[in-house]
Amino acid sequence: MALSRVPIGPYHPLQEEPEYFNLITDGEKVLDIEVNVGYNHRGIEKLSERKSFDQATFVIERICGICSTSHPFAYTRAVEDVFPVEVPERAKYIRTVIAEGERIHSHLLWLGLAGHFLGYNTLYMWVWKLREEILDVMEILSGNRNNYAMFKPGGIRRDINPDDIPLVLKKIDSIVPTLDRLRKAIIDDPVLHKRLKGIGILTKEDALDYCAVGPTARASGVEKDVRKDDPYGAYDRVDWDMIVTYKGDVFEKVVVRVLEMYESIKIIKQCLKNLPPGEIDLKLKDIPPGEGIGTHEAPRGETFHYVRSDGTNRPARHKVRAPTYMNLPTCEATVIGESIADATIILASIDPCYCCTERLTVFSPEGNKLYNGNDLIKLSQQKTDKIKKEMGLK
Amino acid sequence: MPDRNEILNELKNRYKDEIVSFYDKSPRRVYIEIKSESIVNIASYIFKELKARFNVASAVDARSHIEILYHFTLEYLDLLISLRVKLDRENPTIKSLTSVFKGSNWIEREMYELMGINFEGHPNLKRLLLSDKWPEGVYPLRCDYKEWDNNAIRDRGV
Amino acid sequence: MSIRLNALLKSPWVFHVSTGSCNNCDIEVLDCLTPRFDIERFGMVLAPSIKHADVLLVTGSGNRKSMERVKKLYEQAPKPIVVVAIGECACSRGIFIHSYNCPVPLDKVIPVDVYIPGCPPKPEAIIAGVVKLIQKVKEKTKNNA
């Protein structure tokens, strides 16, 4: 019995390895899944132990490029939790603005890739073009498109220039009409309804058993969001809603992410309009011995950092847990039993950030036909075409 | 609305023989040290009765012994409970929590390969992250880890 | 540099592999394909398989598991092929130089022709790097001919 493996990832076909390209199936059904990770493991927890608390922030930013703010945010909260101490108000608001800007760009990135997997390449190009506007906003605020380097334990490193704020608000307002068009195109599209509704269902019991987090869990009715449950930053000072839906299929996961982008825009506008004056940095000198835990709601779920300090200027232990770590095992519950044409989109709907978790290869034993990764995506795109023909849209 | 102090007192009384120390650090953080034999009972109680969510477990090499901290979040109280167990450094062994909830599967595999802790009752205790060429018995996260690879290049050449 | 390489680089097909990166560089490479930077107007397309590729783009800091794959990929690639290391991690492992899982830099495993530093390099920098490479190949071919 030959085993075959298909690498599936958000940057498909960019992370491909020749010998792992075989998927053997029995007809159309996926019978079993085994997750094989470890291609991105860089030993960051051990690296933090050789750097000082301030220097570690730069290493931690590079755990993941898409959620490049979430890890420093959780880490700085963990270091501040060792005392515990509260950062100044202005720092809280600016941290929130950066974190929400990152959420918008991450959800747009995922939406584009989901469009690519389904065969909607136009959606992919349009959404990534829209994403450039948000990256421009982040460049105005922080100086860089991705690794913002704004966080440090005790506050933030650089201030926002108040002259930039009207331009930023104008740019954010200008993306709302395009976002509305996208939302209507996605949520009201009958082909997407047929394609995505009812597949890859994660029940609420399974979501709780696997301890899933983020939009993956919120689409299954689990009403948990770190920003509401454990308020930090400026999240309890502005007005916004948690988005929860109850069916748990792939369509609901798309809906949750699209609606979360509107909430992020609301939060950014309120924060920038009510930015309090004052200090941005507590200027922490020595971290006392102790332990601290920091969490943050990244675009994919809850990021968890644990820091132990022994009184020196280096962390004695630093534990990082990314949200995809808890969400990836749920693929056992959602993909088994579904057809292989749907396998790509179901796995992509957890929004896996492999660099945070390590890469994934999927095993599917039993069967006699060979597919590779590109074939899987083509199958997914062909299924969409078939549905369009059935509905008379082609 | 359940009260934070009521729930913590109930936990303290129920397991008073198994709790070694109880540190109420701040309104949102509680650190409880327990005996390593009772991890399954107490974790079961916290996960099932108190309806907590398991965050992650972190293994720490504290030179004289090895510690594992299990972190649980109770969202309705805005409280994070961390259970600490201390294990012998020569042969760290503890029961696996996979029978209580599935979310502990991967993290126990990771702790096994990076810190060398043995989890009894784990259905699939094999490597998660490290490559197959990595030597047996070498645990990177331990404080006495030494570079074993003679071909590694560690200076920038400047 | 051969005439064949010069001809192939008129419209190079690009194959991307990540050897354990934070994916920032990978996203910047994908950004090059999107409407704002649009390298498709130069004829550059992402190749679906290594056998169709003229340029091999490598990102990432040289994870032990991935390095074996990269070596095999390079051996399977039809020569001549140009290898481009994008990002600080691919050039020299960057901040991950002391990590237990990143033993050697990329150029000790496969020969690298172009280094594009940056963390991550902006799409403009990536395009500039590839254009420099094409110009260099053209010049060398002219000098040899």
# chains A, B, ... in the order shown; residues from 1 in each chain; ligands from 1
>>> select_by_dssp(residues="range 225-386 of chain A", states="alpha helix (DSSP H)", output="ChimeraX atom specification")
/A:226-229,250-273,323-327,331-335,340-348,354-357,373-386
>>> interface_residues(of="chain B", to="chain C", cutoff="10 Å", atoms="only C-alpha atoms", output="PyMOL selection string")
chain B and resi 129-134+140-141+145-156
>>> closest_atom_pairs(of="chain C", to="chain A", cutoff="9 Å", atoms="only C-alpha atoms", output="Markdown table")
| residue | atom | partner | partner_atom | distance |
| --- | --- | --- | --- | --- |
| C:Phe15 | CA | A:Leu14 | CA | 7.3 |
| C:His16 | CA | A:Leu14 | CA | 5.0 |
| C:Val17 | CA | A:Gln15 | CA | 5.1 |
| C:Ser18 | CA | A:Gln15 | CA | 5.7 |
| C:Thr19 | CA | A:Tyr39 | CA | 7.2 |
| C:Gly20 | CA | A:Asn40 | CA | 3.9 |
| C:Ser21 | CA | A:Asn40 | CA | 6.3 |
| C:Cys22 | CA | A:Cys64 | CA | 4.5 |
| C:Asn23 | CA | A:Gly65 | CA | 5.4 |
| C:Asn24 | CA | A:Gly65 | CA | 4.2 |
| C:Cys25 | CA | A:Gly65 | CA | 8.0 |
| C:Asp26 | CA | A:Tyr11 | CA | 7.5 |
| C:Ile27 | CA | A:Tyr11 | CA | 7.9 |
| C:Leu30 | CA | A:Tyr11 | CA | 8.3 |
| C:Asp31 | CA | A:Trp128 | CA | 7.6 |
| C:Leu33 | CA | A:Met125 | CA | 8.6 |
| C:Thr34 | CA | A:Met125 | CA | 5.8 |
| C:Pro35 | CA | A:Lys129 | CA | 6.1 |
| C:Arg36 | CA | A:Lys129 | CA | 6.5 |
| C:Leu46 | CA | A:Pro13 | CA | 8.4 |
| C:Ala47 | CA | A:Pro13 | CA | 8.6 |
| C:Pro48 | CA | A:Pro13 | CA | 6.7 |
| C:Ser49 | CA | A:Glu16 | CA | 8.3 |
| C:Ile50 | CA | A:Pro18 | CA | 8.4 |
| C:Gly60 | CA | A:Asn40 | CA | 8.5 |
| C:Ser61 | CA | A:Arg42 | CA | 7.9 |
| C:Gly62 | CA | A:Arg42 | CA | 8.7 |
| C:Asn63 | CA | A:Tyr39 | CA | 6.4 |
| C:Arg64 | CA | A:Tyr39 | CA | 7.8 |
| C:Lys65 | CA | A:Tyr39 | CA | 5.7 |
| C:Ser66 | CA | A:Tyr39 | CA | 5.8 |
| C:Arg69 | CA | A:Glu17 | CA | 6.4 |
| C:Val70 | CA | A:Glu17 | CA | 8.1 |
| C:Lys72 | CA | A:Pro18 | CA | 8.4 |
| C:Leu73 | CA | A:Pro18 | CA | 7.2 |
| C:Ile95 | CA | A:Val59 | CA | 6.9 |
| C:Phe96 | CA | A:Arg42 | CA | 7.2 |
| C:His98 | CA | A:Leu47 | CA | 7.1 |
| C:Ser99 | CA | A:Gly43 | CA | 5.6 |
| C:Tyr100 | CA | A:Gly43 | CA | 6.3 |
| C:Asn101 | CA | A:Arg42 | CA | 5.5 |
| C:Cys102 | CA | A:Arg42 | CA | 6.7 |
| C:Cys119 | CA | A:Asn147 | CA | 7.9 |
| C:Pro120 | CA | A:Asn146 | CA | 7.8 |
| C:Lys122 | CA | A:Arg145 | CA | 8.3 |
>>> residues_around(residues="Cys91 in chain C", least_positions_apart="5", cutoff="8 Å", atoms="only C-alpha atoms", output="PyMOL selection string")
chain C and resi 85-86+105-107+115-117
>>> residues_around(residues="Val112 in chain C", least_positions_apart="6", cutoff="10 Å", atoms="only C-alpha atoms", output="VMD selection string")
chain C and resid 56 to 58 82 to 85 90 to 91 106
>>> write_last_selection(atoms="N, CA and C atoms", output="compact mmCIF listing (two decimals), in the first residue's frame")
# COMPACT_ATOMS: atom_id res chain seq x y z
N LEU C 56 15.71 29.98 -10.01
CA LEU C 56 15.28 29.37 -8.76
C LEU C 56 15.41 30.42 -7.67
N LEU C 57 14.25 30.79 -7.09
CA LEU C 57 14.26 31.78 -6.01
C LEU C 57 14.24 31.03 -4.69
N VAL C 58 15.16 31.32 -3.83
CA VAL C 58 15.19 30.64 -2.54
C VAL C 58 15.06 31.65 -1.43
N VAL C 82 19.67 29.79 -12.87
CA VAL C 82 20.24 30.86 -12.05
C VAL C 82 19.60 30.79 -10.67
N VAL C 83 20.40 30.83 -9.63
CA VAL C 83 19.85 30.75 -8.28
C VAL C 83 19.92 32.14 -7.64
N VAL C 84 18.79 32.57 -7.12
CA VAL C 84 18.70 33.88 -6.49
C VAL C 84 18.34 33.67 -5.03
N ALA C 85 19.13 34.24 -4.13
CA ALA C 85 18.83 34.14 -2.70
C ALA C 85 18.18 35.43 -2.27
N ALA C 90 18.30 33.94 3.53
CA ALA C 90 18.85 33.07 2.50
C ALA C 90 20.30 33.43 2.21
N CYS C 91 20.67 34.73 2.39
CA CYS C 91 22.05 35.11 2.13
C CYS C 91 22.98 34.52 3.18
N LEU C 106 23.03 29.03 2.85
CA LEU C 106 22.58 28.41 1.60
C LEU C 106 23.71 28.21 0.61
>>> residues_around(residues="range 306-318 of chain A", least_positions_apart="2", cutoff="6 Å", atoms="only C-alpha atoms", output="number ranges by chain")
A: 45, 49, 51-53, 288-293
>>> write_last_selection(atoms="N, CA and C atoms", output="mmCIF file, in the first residue's frame")
data_model
loop_
_atom_site.group_PDB
_atom_site.id
_atom_site.type_symbol
_atom_site.label_atom_id
_atom_site.label_comp_id
_atom_site.auth_asym_id
_atom_site.auth_seq_id
_atom_site.Cartn_x
_atom_site.Cartn_y
_atom_site.Cartn_z
ATOM 1 N N GLU A 45 12.822 29.701 20.429
ATOM 2 C CA GLU A 45 12.762 29.759 21.888
ATOM 3 C C GLU A 45 14.160 29.706 22.472
ATOM 4 N N GLU A 49 16.942 33.006 24.480
ATOM 5 C CA GLU A 49 17.674 32.919 25.733
ATOM 6 C C GLU A 49 19.054 33.546 25.625
ATOM 7 N N LYS A 51 19.566 36.423 23.948
ATOM 8 C CA LYS A 51 19.450 37.848 23.695
ATOM 9 C C LYS A 51 18.835 38.528 24.903
ATOM 10 N N SER A 52 19.047 39.834 25.003
ATOM 11 C CA SER A 52 18.437 40.547 26.116
ATOM 12 C C SER A 52 16.957 40.743 25.815
ATOM 13 N N PHE A 53 16.227 41.207 26.802
ATOM 14 C CA PHE A 53 14.781 41.351 26.634
ATOM 15 C C PHE A 53 14.439 42.273 25.477
ATOM 16 N N PRO A 288 12.481 42.168 37.166
ATOM 17 C CA PRO A 288 12.712 41.382 38.371
ATOM 18 C C PRO A 288 12.514 39.899 38.091
ATOM 19 N N PRO A 289 13.027 39.023 38.964
ATOM 20 C CA PRO A 289 12.771 37.594 38.759
ATOM 21 C C PRO A 289 11.288 37.296 38.897
ATOM 22 N N GLY A 290 10.791 36.388 38.053
ATOM 23 C CA GLY A 290 9.377 36.061 38.107
ATOM 24 C C GLY A 290 8.936 35.486 36.783
ATOM 25 N N GLU A 291 7.623 35.350 36.652
ATOM 26 C CA GLU A 291 7.065 34.782 35.425
ATOM 27 C C GLU A 291 6.000 35.715 34.885
ATOM 28 N N GLY A 292 5.838 35.704 33.594
ATOM 29 C CA GLY A 292 4.803 36.543 32.999
ATOM 30 C C GLY A 292 4.180 35.846 31.816
ATOM 31 N N ILE A 293 2.912 36.139 31.620
ATOM 32 C CA ILE A 293 2.187 35.531 30.502
ATOM 33 C C ILE A 293 1.516 36.648 29.730
#
>>> select_by_dssp(residues="chain C", states="strand (DSSP E or B)", output="MDAnalysis selection string")
chainID C and resid 13:18 45:46 55:59 82:86 114:116
>>> decode(residues="range 6-65 of chain C", atoms="C-alpha atoms", output="PDB file, in the first residue's frame")
ATOM      1  CA  ASN C   6      20.740  34.763 -22.412  1.00  0.00           C
ATOM      2  CA  ALA C   7      17.895  33.553 -24.585  1.00  0.00           C
ATOM      3  CA  LEU C   8      16.150  31.869 -21.692  1.00  0.00           C
ATOM      4  CA  LEU C   9      16.291  35.023 -19.617  1.00  0.00           C
ATOM      5  CA  LYS C  10      14.179  36.946 -22.102  1.00  0.00           C
ATOM      6  CA  SER C  11      11.140  35.597 -20.340  1.00  0.00           C
ATOM      7  CA  PRO C  12      12.320  33.712 -17.299  1.00  0.00           C
ATOM      8  CA  TRP C  13      10.092  31.262 -15.512  1.00  0.00           C
ATOM      9  CA  VAL C  14      10.603  31.490 -11.824  1.00  0.00           C
ATOM     10  CA  PHE C  15      10.356  28.687  -9.282  1.00  0.00           C
ATOM     11  CA  HIS C  16      10.174  29.576  -5.637  1.00  0.00           C
ATOM     12  CA  VAL C  17      11.116  27.453  -2.687  1.00  0.00           C
ATOM     13  CA  SER C  18      11.157  28.346   0.977  1.00  0.00           C
ATOM     14  CA  THR C  19      13.631  26.603   3.258  1.00  0.00           C
ATOM     15  CA  GLY C  20      12.075  27.610   6.532  1.00  0.00           C
ATOM     16  CA  SER C  21      11.321  31.293   6.438  1.00  0.00           C
ATOM     17  CA  CYS C  22       8.990  33.629   8.219  1.00  0.00           C
ATOM     18  CA  ASN C  23       7.197  33.988   4.884  1.00  0.00           C
ATOM     19  CA  ASN C  24       7.667  37.739   4.671  1.00  0.00           C
ATOM     20  CA  CYS C  25      10.000  37.343   1.690  1.00  0.00           C
ATOM     21  CA  ASP C  26       7.614  34.850   0.121  1.00  0.00           C
ATOM     22  CA  ILE C  27       4.755  37.316   0.357  1.00  0.00           C
ATOM     23  CA  GLU C  28       6.908  40.068  -1.130  1.00  0.00           C
ATOM     24  CA  VAL C  29       7.704  37.767  -4.047  1.00  0.00           C
ATOM     25  CA  LEU C  30       3.986  37.123  -4.517  1.00  0.00           C
ATOM     26  CA  ASP C  31       3.409  40.861  -4.270  1.00  0.00           C
ATOM     27  CA  CYS C  32       5.606  41.286  -7.318  1.00  0.00           C
ATOM     28  CA  LEU C  33       2.986  39.450  -9.345  1.00  0.00           C
ATOM     29  CA  THR C  34       0.098  41.605  -8.234  1.00  0.00           C
ATOM     30  CA  PRO C  35      -1.085  44.642 -10.155  1.00  0.00           C
ATOM     31  CA  ARG C  36       1.011  47.248  -8.407  1.00  0.00           C
ATOM     32  CA  PHE C  37       4.437  45.811  -9.294  1.00  0.00           C
ATOM     33  CA  ASP C  38       3.428  43.366 -11.982  1.00  0.00           C
ATOM     34  CA  ILE C  39       6.505  41.463 -13.120  1.00  0.00           C
ATOM     35  CA  GLU C  40       4.404  39.565 -15.618  1.00  0.00           C
ATOM     36  CA  ARG C  41       4.985  42.413 -18.021  1.00  0.00           C
ATOM     37  CA  PHE C  42       8.654  41.307 -18.129  1.00  0.00           C
ATOM     38  CA  GLY C  43       7.537  37.837 -19.008  1.00  0.00           C
ATOM     39  CA  MET C  44       8.240  36.447 -15.554  1.00  0.00           C
ATOM     40  CA  VAL C  45       5.761  33.805 -14.505  1.00  0.00           C
ATOM     41  CA  LEU C  46       5.720  31.408 -11.601  1.00  0.00           C
ATOM     42  CA  ALA C  47       6.639  27.973 -12.889  1.00  0.00           C
ATOM     43  CA  PRO C  48       4.520  25.085 -11.669  1.00  0.00           C
ATOM     44  CA  SER C  49       7.436  22.695 -11.434  1.00  0.00           C
ATOM     45  CA  ILE C  50      11.204  22.844 -11.192  1.00  0.00           C
ATOM     46  CA  LYS C  51      11.623  21.181 -14.566  1.00  0.00           C
ATOM     47  CA  HIS C  52      10.140  24.255 -16.245  1.00  0.00           C
ATOM     48  CA  ALA C  53      12.141  26.839 -14.368  1.00  0.00           C
ATOM     49  CA  ASP C  54      14.932  29.155 -15.485  1.00  0.00           C
ATOM     50  CA  VAL C  55      15.378  30.938 -12.199  1.00  0.00           C
ATOM     51  CA  LEU C  56      15.282  29.369  -8.757  1.00  0.00           C
ATOM     52  CA  LEU C  57      14.264  31.775  -6.009  1.00  0.00           C
ATOM     53  CA  VAL C  58      15.195  30.636  -2.541  1.00  0.00           C
ATOM     54  CA  THR C  59      14.072  32.220   0.717  1.00  0.00           C
ATOM     55  CA  GLY C  60      14.412  31.006   4.251  1.00  0.00           C
ATOM     56  CA  SER C  61      17.080  30.286   6.763  1.00  0.00           C
ATOM     57  CA  GLY C  62      18.197  26.797   5.929  1.00  0.00           C
ATOM     58  CA  ASN C  63      16.235  24.467   8.129  1.00  0.00           C
ATOM     59  CA  ARG C  64      17.765  20.981   8.444  1.00  0.00           C
ATOM     60  CA  LYS C  65      14.729  19.247   6.962  1.00  0.00           C
TER      61      LYS C  65
END
